[in-house]
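Raw structure.pdb, PDB, C-alpha atoms:
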ATOM      1  CA  MET A   1      84.825  61.392 156.233
ATOM      2  CA  SER A   2      83.035  59.908 153.214
ATOM      3  CA  ARG A   3      84.524  57.020 151.264
ATOM      4  CA  VAL A   4      84.048  55.684 147.763
ATOM      5  CA  LEU A   5      84.299  52.154 146.437
ATOM      6  CA  ALA A   6      85.927  51.616 143.047
ATOM      7  CA  ILE A   7      85.529  48.476 140.934
ATOM      8  CA  ASP A   8      87.546  47.629 137.841
ATOM      9  CA  ILE A   9      86.046  44.599 136.115
ATOM     10  CA  GLY A  10      87.701  43.185 133.029
ATOM     11  CA  GLY A  11      87.134  40.163 130.887
ATOM     12  CA  THR A  12      89.535  38.147 133.053
ATOM     13  CA  ASN A  13      89.976  39.813 136.442
ATOM     14  CA  ILE A  14      88.227  42.122 138.876
ATOM     15  CA  ARG A  15      89.769  44.532 141.379
ATOM     16  CA  VAL A  16      88.205  46.598 144.133
ATOM     17  CA  GLY A  17      89.586  49.673 145.854
ATOM     18  CA  ILE A  18      88.489  51.971 148.641
ATOM     19  CA  ALA A  19      89.418  55.645 148.945
ATOM     20  CA  ASP A  20      88.542  58.769 150.872
ATOM     21  CA  ALA A  21      86.307  60.943 148.717
ATOM     22  CA  ASP A  22      88.609  63.950 149.144
ATOM     23  CA  ARG A  23      91.661  61.913 148.031
ATOM     24  CA  PRO A  24      90.207  59.458 145.520
ATOM     25  CA  CYS A  25      93.436  58.838 143.607
ATOM     26  CA  GLU A  26      94.921  57.308 146.763
ATOM     27  CA  THR A  27      92.966  54.133 146.239
ATOM     28  CA  GLU A  28      93.745  51.100 148.388
ATOM     29  CA  VAL A  29      93.178  47.750 146.692
ATOM     30  CA  VAL A  30      91.060  45.638 149.029
ATOM     31  CA  ALA A  31      89.989  42.714 146.837
ATOM     32  CA  SER A  32      90.938  41.057 143.566
ATOM     33  CA  GLY A  33      90.369  37.822 141.728
ATOM     34  CA  ALA A  34      88.849  36.232 138.661
ATOM     35  CA  ALA A  35      86.003  38.167 137.054
ATOM     36  CA  PRO A  36      82.555  36.833 138.039
ATOM     37  CA  SER A  37      81.197  34.368 135.492
ATOM     38  CA  ASP A  38      77.580  35.540 135.499
ATOM     39  CA  LEU A  39      75.305  38.348 136.666
ATOM     40  CA  ARG A  40      74.338  36.640 139.916
ATOM     41  CA  ALA A  41      77.984  36.171 140.893
ATOM     42  CA  PHE A  42      78.809  39.761 139.936
ATOM     43  CA  ARG A  43      75.968  41.159 141.982
ATOM     44  CA  ALA A  44      76.858  38.991 144.991
ATOM     45  CA  PHE A  45      80.507  40.049 144.770
ATOM     46  CA  VAL A  46      79.719  43.766 144.667
ATOM     47  CA  ASP A  47      77.070  43.469 147.390
ATOM     48  CA  THR A  48      79.680  41.850 149.612
ATOM     49  CA  GLN A  49      82.052  44.772 149.075
ATOM     50  CA  ILE A  50      79.307  47.311 149.733
ATOM     51  CA  GLU A  51      78.373  45.514 152.948
ATOM     52  CA  ALA A  52      81.996  45.402 154.075
ATOM     53  CA  TYR A  53      82.917  49.035 153.376
ATOM     54  CA  ARG A  54      79.622  50.968 153.453
ATOM     55  CA  PRO A  55      80.707  53.481 150.773
ATOM     56  CA  ASP A  56      79.025  56.784 149.980
ATOM     57  CA  GLY A  57      79.469  56.239 146.243
ATOM     58  CA  LEU A  58      80.319  53.495 143.802
ATOM     59  CA  GLY A  59      82.546  53.835 140.737
ATOM     60  CA  ILE A  60      82.523  50.974 138.237
ATOM     61  CA  ALA A  61      84.722  50.633 135.166
ATOM     62  CA  ILE A  62      83.809  48.115 132.468
ATOM     63  CA  PRO A  63      85.601  46.953 129.289
ATOM     64  CA  GLY A  64      82.819  48.114 127.033
ATOM     65  CA  LEU A  65      80.234  50.718 126.217
ATOM     66  CA  ALA A  66      78.505  52.591 129.055
ATOM     67  CA  ASN A  67      75.854  55.283 128.812
ATOM     68  CA  GLY A  68      74.948  56.850 132.128
ATOM     69  CA  THR A  69      74.525  53.876 134.487
ATOM     70  CA  LEU A  70      73.549  51.511 131.651
ATOM     71  CA  CYS A  71      75.936  48.870 130.303
ATOM     72  CA  ARG A  72      75.174  48.966 126.593
ATOM     73  CA  TRP A  73      77.708  46.496 125.192
ATOM     74  CA  VAL A  74      80.409  44.540 127.036
ATOM     75  CA  PRO A  75      81.808  41.947 124.585
ATOM     76  CA  ASN A  76      83.825  39.956 127.129
ATOM     77  CA  LEU A  77      81.131  40.120 129.834
ATOM     78  CA  PRO A  78      77.873  39.679 127.909
ATOM     79  CA  TYR A  79      75.845  39.150 131.070
ATOM     80  CA  LEU A  80      76.244  42.889 131.733
ATOM     81  CA  ASP A  81      74.682  43.903 128.402
ATOM     82  CA  GLY A  82      71.556  45.957 129.026
ATOM     83  CA  GLN A  83      72.031  46.055 132.795
ATOM     84  CA  ASP A  84      71.364  49.327 134.625
ATOM     85  CA  LEU A  85      73.811  49.221 137.513
ATOM     86  CA  ALA A  86      71.955  51.908 139.449
ATOM     87  CA  ALA A  87      68.983  49.520 139.525
ATOM     88  CA  LEU A  88      71.236  46.552 140.281
ATOM     89  CA  PHE A  89      72.661  48.290 143.369
ATOM     90  CA  PRO A  90      69.809  50.446 144.698
ATOM     91  CA  GLY A  91      70.671  53.072 147.271
ATOM     92  CA  GLN A  92      74.183  53.515 145.893
ATOM     93  CA  PRO A  93      75.108  56.525 143.744
ATOM     94  CA  VAL A  94      76.796  54.862 140.751
ATOM     95  CA  ALA A  95      79.379  56.357 138.394
ATOM     96  CA  LEU A  96      79.760  53.926 135.492
ATOM     97  CA  GLY A  97      82.218  54.259 132.652
ATOM     98  CA  ASN A  98      84.415  52.603 130.086
ATOM     99  CA  ASP A  99      87.695  51.501 131.650
ATOM    100  CA  ALA A 100      89.905  53.611 129.370
ATOM    101  CA  HIS A 101      87.749  56.686 130.008
ATOM    102  CA  MET A 102      88.167  56.085 133.739
ATOM    103  CA  ALA A 103      91.931  55.703 133.366
ATOM    104  CA  LEU A 104      92.110  59.080 131.619
ATOM    105  CA  VAL A 105      90.051  60.652 134.406
ATOM    106  CA  ALA A 106      92.752  59.566 136.860
ATOM    107  CA  GLU A 107      95.627  60.710 134.641
ATOM    108  CA  ALA A 108      93.970  64.083 134.014
ATOM    109  CA  THR A 109      93.251  64.546 137.723
ATOM    110  CA  ALA A 110      96.639  63.782 139.241
ATOM    111  CA  GLY A 111      98.721  61.916 136.698
ATOM    112  CA  ALA A 112     100.555  62.296 133.423
ATOM    113  CA  ALA A 113      97.833  64.514 131.889
ATOM    114  CA  ALA A 114      97.285  66.750 134.934
ATOM    115  CA  GLY A 115      97.151  70.397 133.893
ATOM    116  CA  LEU A 116      96.646  69.555 130.220
ATOM    117  CA  SER A 117      93.505  70.248 128.229
ATOM    118  CA  ASP A 118      94.166  67.816 125.370
ATOM    119  CA  ALA A 119      95.522  64.267 125.484
ATOM    120  CA  ILE A 120      95.020  60.816 124.009
ATOM    121  CA  LEU A 121      95.175  57.691 126.159
ATOM    122  CA  ILE A 122      95.666  54.232 124.674
ATOM    123  CA  ALA A 123      95.175  51.296 127.042
ATOM    124  CA  ILE A 124      96.751  48.158 125.594
ATOM    125  CA  GLY A 125      95.981  44.876 127.289
ATOM    126  CA  THR A 126      94.074  41.855 126.060
ATOM    127  CA  GLY A 127      92.280  44.348 123.828
ATOM    128  CA  ILE A 128      92.766  48.052 123.143
ATOM    129  CA  GLY A 129      90.825  50.769 124.918
ATOM    130  CA  SER A 130      91.213  54.489 124.466
ATOM    131  CA  ALA A 131      90.047  57.880 125.614
ATOM    132  CA  VAL A 132      90.379  61.476 124.505
ATOM    133  CA  LEU A 133      90.725  64.596 126.626
ATOM    134  CA  SER A 134      89.718  67.582 124.496
ATOM    135  CA  GLY A 135      89.310  71.093 125.816
ATOM    136  CA  GLY A 136      89.466  69.707 129.359
ATOM    137  CA  ARG A 137      86.655  67.188 128.827
ATOM    138  CA  VAL A 138      86.776  63.426 128.527
ATOM    139  CA  LEU A 139      84.863  62.912 125.302
ATOM    140  CA  ARG A 140      81.967  60.457 125.390
ATOM    141  CA  GLY A 141      80.243  60.938 122.041
ATOM    142  CA  SER A 142      76.530  60.711 121.317
ATOM    143  CA  GLY A 143      76.154  57.229 122.800
ATOM    144  CA  GLY A 144      79.211  56.830 125.022
ATOM    145  CA  SER A 145      81.460  55.165 122.453
ATOM    146  CA  ALA A 146      83.780  58.038 121.508
ATOM    147  CA  ALA A 147      87.450  57.110 121.025
ATOM    148  CA  SER A 148      86.918  53.404 120.333
ATOM    149  CA  PHE A 149      90.435  53.299 118.973
ATOM    150  CA  GLY A 150      90.759  49.520 118.911
ATOM    151  CA  TRP A 151      88.492  49.651 115.838
ATOM    152  CA  ALA A 152      90.843  51.935 113.904
ATOM    153  CA  SER A 153      92.003  50.295 110.678
ATOM    154  CA  ALA A 154      94.883  50.774 108.282
ATOM    155  CA  ASP A 155      93.778  48.047 105.869
ATOM    156  CA  ARG A 156      90.934  48.805 103.482
ATOM    157  CA  ASP A 157      90.742  45.128 102.473
ATOM    158  CA  ASP A 158      90.267  43.769 105.992
ATOM    159  CA  ALA A 159      87.104  41.675 106.302
ATOM    160  CA  GLY A 160      86.257  43.081 109.737
ATOM    161  CA  ASP A 161      85.079  41.332 112.880
ATOM    162  CA  ASP A 162      81.997  41.865 115.043
ATOM    163  CA  ARG A 163      83.879  41.611 118.347
ATOM    164  CA  SER A 164      87.440  42.808 117.727
ATOM    165  CA  GLY A 165      88.655  45.826 115.794
ATOM    166  CA  TRP A 166      91.498  45.792 113.287
ATOM    167  CA  LEU A 167      93.991  47.491 115.591
ATOM    168  CA  GLU A 168      93.136  45.154 118.458
ATOM    169  CA  ARG A 169      93.767  42.157 116.220
ATOM    170  CA  HIS A 170      97.154  43.549 115.190
ATOM    171  CA  ALA A 171      98.577  45.292 118.253
ATOM    172  CA  ALA A 172      96.823  44.170 121.458
ATOM    173  CA  GLY A 173      98.231  41.701 123.960
ATOM    174  CA  ARG A 174      96.727  38.678 122.240
ATOM    175  CA  ALA A 175      98.423  39.730 118.980
ATOM    176  CA  LEU A 176     101.757  39.806 120.807
ATOM    177  CA  ASP A 177     101.022  36.330 122.198
ATOM    178  CA  ARG A 178     100.385  35.071 118.673
ATOM    179  CA  LEU A 179     103.623  36.577 117.387
ATOM    180  CA  ALA A 180     105.512  35.050 120.309
ATOM    181  CA  CYS A 181     104.287  31.598 119.342
ATOM    182  CA  SER A 182     105.635  32.141 115.833
ATOM    183  CA  VAL A 183     109.187  32.273 117.221
ATOM    184  CA  GLY A 184     108.795  29.479 119.748
ATOM    185  CA  LEU A 185     107.934  31.594 122.780
ATOM    186  CA  LYS A 186     104.841  31.220 124.960
ATOM    187  CA  THR A 187     103.652  34.777 125.612
ATOM    188  CA  GLY A 188     103.924  38.343 124.433
ATOM    189  CA  ALA A 189     105.789  39.133 127.647
ATOM    190  CA  GLU A 190     108.473  36.627 126.653
ATOM    191  CA  LEU A 191     108.638  38.186 123.191
ATOM    192  CA  ILE A 192     109.155  41.641 124.706
ATOM    193  CA  ALA A 193     111.851  40.300 127.024
ATOM    194  CA  ALA A 194     113.652  38.717 124.079
ATOM    195  CA  ALA A 195     113.475  41.979 122.123
ATOM    196  CA  ARG A 196     114.743  43.920 125.135
ATOM    197  CA  ALA A 197     117.674  41.517 125.289
ATOM    198  CA  GLY A 198     118.496  42.408 121.689
ATOM    199  CA  GLN A 199     117.283  39.265 119.927
ATOM    200  CA  ALA A 200     116.889  40.304 116.292
ATOM    201  CA  ASP A 201     114.057  37.895 115.468
ATOM    202  CA  ALA A 202     111.969  39.144 118.389
ATOM    203  CA  LEU A 203     112.549  42.770 117.420
ATOM    204  CA  LYS A 204     111.555  41.968 113.845
ATOM    205  CA  ARG A 205     108.280  40.391 114.997
ATOM    206  CA  LEU A 206     107.398  43.532 116.975
ATOM    207  CA  GLU A 207     107.680  45.793 113.951
ATOM    208  CA  GLU A 208     104.219  44.764 112.720
ATOM    209  CA  PRO A 209     102.164  45.641 115.856
ATOM    210  CA  ALA A 210     104.186  48.808 116.492
ATOM    211  CA  ALA A 211     103.702  49.973 112.899
ATOM    212  CA  ALA A 212      99.962  49.250 113.121
ATOM    213  CA  LEU A 213      99.690  51.279 116.320
ATOM    214  CA  GLY A 214     101.789  54.143 115.002
ATOM    215  CA  THR A 215      99.967  54.313 111.673
ATOM    216  CA  CYS A 216      96.559  54.458 113.353
ATOM    217  CA  LEU A 217      97.781  57.047 115.856
ATOM    218  CA  VAL A 218      98.706  59.317 112.958
ATOM    219  CA  GLY A 219      95.032  59.906 112.200
ATOM    220  CA  ALA A 220      94.182  60.589 115.832
ATOM    221  CA  VAL A 221      97.054  63.037 116.297
ATOM    222  CA  ALA A 222      96.266  64.860 113.059
ATOM    223  CA  LEU A 223      92.612  65.136 114.013
ATOM    224  CA  LEU A 224      92.996  66.138 117.676
ATOM    225  CA  ASP A 225      96.444  67.776 118.071
ATOM    226  CA  PRO A 226      96.924  66.458 121.638
ATOM    227  CA  ALA A 227      99.699  67.588 123.968
ATOM    228  CA  VAL A 228     100.652  63.975 124.768
ATOM    229  CA  ILE A 229      99.857  60.362 123.931
ATOM    230  CA  LEU A 230      99.618  58.256 127.095
ATOM    231  CA  ILE A 231     100.119  54.501 127.051
ATOM    232  CA  THR A 232      98.546  52.446 129.836
ATOM    233  CA  GLY A 233      97.469  48.850 130.362
ATOM    234  CA  GLY A 234      99.448  45.648 130.603
ATOM    235  CA  VAL A 235     101.616  46.427 127.571
ATOM    236  CA  ALA A 236     102.713  49.791 129.017
ATOM    237  CA  SER A 237     105.583  48.124 130.866
ATOM    238  CA  ALA A 238     106.934  47.035 127.482
ATOM    239  CA  PHE A 239     106.773  50.421 125.843
ATOM    240  CA  ASP A 240     110.484  51.058 126.140
ATOM    241  CA  VAL A 241     110.765  48.413 123.418
ATOM    242  CA  LEU A 242     107.701  49.381 121.365
ATOM    243  CA  ALA A 243     108.027  53.192 121.529
ATOM    244  CA  PRO A 244     110.900  53.605 119.023
ATOM    245  CA  LEU A 245     109.120  51.370 116.514
ATOM    246  CA  THR A 246     105.832  53.233 117.012
ATOM    247  CA  ARG A 247     107.582  56.602 116.778
ATOM    248  CA  ALA A 248     109.017  55.612 113.396
ATOM    249  CA  ALA A 249     105.507  55.234 111.930
ATOM    250  CA  LEU A 250     104.382  58.547 113.427
ATOM    251  CA  THR A 251     107.410  60.391 112.073
ATOM    252  CA  ARG A 252     106.965  58.912 108.620
ATOM    253  CA  GLN A 253     103.296  59.854 108.275
ATOM    254  CA  LEU A 254     102.841  63.121 110.208
ATOM    255  CA  PRO A 255     103.687  66.635 109.016
ATOM    256  CA  PRO A 256     106.736  68.251 110.660
ATOM    257  CA  HIS A 257     104.765  70.370 113.138
ATOM    258  CA  LEU A 258     103.144  67.282 114.698
ATOM    259  CA  ARG A 259     106.079  64.866 114.737
ATOM    260  CA  SER A 260     107.340  65.888 118.161
ATOM    261  CA  ILE A 261     104.204  64.684 119.986
ATOM    262  CA  PRO A 262     105.391  63.125 123.285
ATOM    263  CA  ILE A 263     104.569  59.474 123.972
ATOM    264  CA  ALA A 264     104.576  58.698 127.691
ATOM    265  CA  VAL A 265     103.571  55.880 130.003
ATOM    266  CA  GLY A 266     100.705  56.772 132.328
ATOM    267  CA  HIS A 267     101.549  57.779 135.899
ATOM    268  CA  PHE A 268      99.160  55.360 137.596
ATOM    269  CA  GLY A 269     100.223  52.234 135.727
ATOM    270  CA  PRO A 270      97.836  49.300 136.162
ATOM    271  CA  GLY A 271      96.024  51.210 138.916
ATOM    272  CA  ALA A 272      94.771  53.970 136.598
ATOM    273  CA  VAL A 273      91.331  52.471 135.988
ATOM    274  CA  LEU A 274      90.663  51.879 139.666
ATOM    275  CA  ALA A 275      91.844  55.379 140.594
ATOM    276  CA  GLY A 276      89.681  56.910 137.868
ATOM    277  CA  ALA A 277      86.615  54.999 139.038
ATOM    278  CA  ALA A 278      87.208  56.360 142.539
ATOM    279  CA  VAL A 279      87.599  59.903 141.198
ATOM    280  CA  ALA A 280      84.328  59.558 139.267
ATOM    281  CA  ALA A 281      82.533  58.146 142.300
ATOM    282  CA  ALA A 282      83.773  61.085 144.379
ATOM    283  CA  GLY A 283      81.977  63.476 142.029
ATOM    284  CA  SER A 284      84.884  64.958 140.094
ATOM    285  CA  PRO A 285      83.844  67.839 137.824
ATOM    286  CA  LEU A 286      85.948  66.214 135.120
ATOM    287  CA  TRP A 287      83.511  63.308 135.108
ATOM    288  CA  LYS A 288      80.331  65.242 135.867
ATOM    289  CA  ILE A 289      80.821  67.740 133.054
ATOM    290  CA  ASP A 290      80.549  64.918 130.568
ATOM    291  CA  HIS A 291      77.610  63.248 132.260
ATOM    292  CA  VAL A 292      74.963  65.959 132.575
TER     293      VAL A 292
END
Kindly transcribe the structure held in the file into structure tokens.
Amino acid sequence: MSRVLAIDIGGTNIRVGIADADRPCETEVVASGAAPSDLRAFRAFVDTQIEAYRPDGLGIAIPGLANGTLCRWVPNLPYLDGQDLAALFPGQPVALGNDAHMALVAEATAGAAAGLSDAILIAIGTGIGSAVLSGGRVLRGSGGSAASFGWASADRDDAGDDRSGWLERHAAGRALDRLACSVGLKTGAELIAAARAGQADALKRLEEPAAALGTCLVGAVALLDPAVILITGGVASAFDVLAPLTRAALTRQLPPHLRSIPIAVGHFGPGAVLAGAAVAAAGSPLWKIDHV
């Protein structure tokens, strides 16, 4: 029985999973830790996993722009910029993709978007990633950067930033951390907990990021008419608090026939990216169709 190795590398952490190629969503986490600090350490880490598990395919998810097996732009891991991972790991079939795209592959295969042809996925963690399922295909765009939703903006006067989009700066995990500090708390997780406990000041602070997310989602929903909006990433566990605030912005800005769009938390939770990388490595048609 063939096996695939899945790697989810982020700006902070890295996780590795192994799965049977015929059941790739059943991925077993076999290693995790801090993300390698340079290319040599990354290559040594992956080579160690390949040596240990002898996979028949390798799926790698990165927090940046991928085109084929080429890492085009990875802001939080600049040592990967310009690296062709097929050349870096010769002899291994490599499926490389943006982490949010990989998460949607998992959700569309056996998760919250299974059986649907159209969906939007928003992955909210340190930054904001996103992916679009349209007509049964995970959209990649002309250069692999389709659905870069963290760059959506609802402020025409914003000065912009070369590394972080407007929505990321207003609604990602680091924005929640900043808001937490403004009320004497240490982290966004503490802010969410306070809001869940009914603390009025905490709830008030969350109105800004939720409104930013909801306002930007209006454009995506109006453009794509998805069957569902999926929320994944570290902030997904807090969406019971954020969803009503986000829904308010959607309801205010969308026409009546689009206001009932469901907002759901992804089925795979924090394991979505790893599962999607395994599905891609196993040769899923969902991934191959968009990579011919």
- Do you have the atom CA of Thr48 of chain A-atom CA of Leu96 of chain A distance handy?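 Atom CA of Thr48 of chain A sits 18.6 Å away from atom CA of Leu96 of chain A.
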- Tell me, in Å to one decimal, how far atom CA of Ala34 of chain A is from atom CA of Asp8 of chain A.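 Calculated distance between atom CA of Ala34 of chain A and atom CA of Asp8 of chain A is 11.5 Å.
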Take the PyMOL selection byres ((chain A and resi 2) around 7), apply it to the structure above, and return the hits as a compact mmCIF listing (two decimals) with C-alpha atoms, in the frame of the given file.
# COMPACT_ATOMS: atom_id res chain seq x y z
CA MET A 1 84.82 61.39 156.23
CA ARG A 3 84.52 57.02 151.26
CA VAL A 4 84.05 55.68 147.76
CA ASP A 20 88.54 58.77 150.87
CA ALA A 21 86.31 60.94 148.72
CA ASP A 56 79.03 56.78 149.98
- Task: Record the distance separating atom CA of Leu230 of chain A and atom CA of Ile120 of chain A, expressed in Å with one decimal.
- Result: 6.1 Å
- List the neighbours of Ala110 of chain A out to 10 Å using only C-alpha atoms; skip same-chain residues closer than 4 positions along the sequence, and give me the result as a PyMOL selection string. chain A and resi 24-25+105-106+114-115+267-268+275-276
- Just the residues within 10 Å of Pro93 of chain A, please, counting only C-alpha atoms, with nothing from its chain fewer than 5 positions along; format it as a PyMOL selection string. chain A and resi 4+55-59+69+85-86+281-283
- Name every residue that the PyMOL selection byres ((chain A and resi 103) around 8) selects in this structure, writing the answer as a PyMOL selection string with chains first and numbers rising. chain A and resi 99-102+104-107+272-277
- Could you check which of A:Asn98, A:Ser134, A:Gln83, A:Ser37 is closest to Ala113 of chain A, using all atoms listed in the file?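 Of A:Asn98, A:Ser134, A:Gln83, A:Ser37, the one nearest Ala113 of chain A, counting all atoms listed in the file, is A:Ser134.
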Using the partial input, fill out segment 111-120 of chain A with all heavy atoms; write the result as a tab-separated table (two decimals), in the frame of the given file.
chain	number	residue	atom	x	y	z
A	111	GLY	N	97.73	62.77	137.33
A	111	GLY	CA	98.72	61.92	136.70
A	111	GLY	C	99.45	62.59	135.56
A	111	GLY	O	99.72	63.79	135.59
A	112	ALA	N	99.72	61.83	134.52
A	112	ALA	CA	100.56	62.30	133.42
A	112	ALA	C	99.87	63.32	132.52
A	112	ALA	O	100.53	63.94	131.69
A	112	ALA	CB	101.02	61.11	132.58
A	113	ALA	N	98.55	63.50	132.66
A	113	ALA	CA	97.83	64.51	131.89
A	113	ALA	C	97.32	65.65	132.77
A	113	ALA	O	96.55	66.49	132.30
A	113	ALA	CB	96.67	63.88	131.12
A	114	ALA	N	97.73	65.68	134.03
A	114	ALA	CA	97.28	66.75	134.93
A	114	ALA	C	97.75	68.10	134.41
A	114	ALA	O	98.90	68.28	134.01
A	114	ALA	CB	97.84	66.51	136.33
A	115	GLY	N	96.83	69.06	134.37
A	115	GLY	CA	97.15	70.40	133.89
A	115	GLY	C	97.05	70.57	132.40
A	115	GLY	O	97.21	71.67	131.89
A	116	LEU	N	96.79	69.47	131.67
A	116	LEU	CA	96.65	69.56	130.22
A	116	LEU	C	95.18	69.61	129.85
A	116	LEU	O	94.31	69.11	130.56
A	116	LEU	CB	97.29	68.33	129.55
A	116	LEU	CG	98.77	68.10	129.81
A	116	LEU	CD1	99.24	66.84	129.10
A	116	LEU	CD2	99.59	69.30	129.37
A	117	SER	N	94.89	70.20	128.71
A	117	SER	CA	93.50	70.25	128.23
A	117	SER	C	93.25	69.25	127.11
A	117	SER	O	92.09	68.95	126.81
A	117	SER	CB	93.16	71.66	127.74
A	117	SER	OG	93.99	72.03	126.65
A	118	ASP	N	94.33	68.71	126.52
A	118	ASP	CA	94.17	67.82	125.37
A	118	ASP	C	95.17	66.67	125.46
A	118	ASP	O	96.38	66.90	125.56
A	118	ASP	CB	94.37	68.58	124.06
A	118	ASP	CG	93.33	69.68	123.86
A	118	ASP	OD1	93.59	70.81	124.34
A	118	ASP	OD2	92.29	69.39	123.28
A	119	ALA	N	94.66	65.45	125.41
A	119	ALA	CA	95.52	64.27	125.48
A	119	ALA	C	94.79	63.08	124.89
A	119	ALA	O	93.56	63.05	124.82
A	119	ALA	CB	95.92	63.98	126.93
A	120	ILE	N	95.56	62.10	124.46
A	120	ILE	CA	95.02	60.82	124.01
A	120	ILE	C	95.58	59.74	124.92
A	120	ILE	O	96.77	59.74	125.23
A	120	ILE	CB	95.43	60.50	122.55
A	120	ILE	CG1	94.79	61.48	121.57
A	120	ILE	CG2	95.05	59.07	122.17
A	120	ILE	CD1	95.30	61.32	120.14
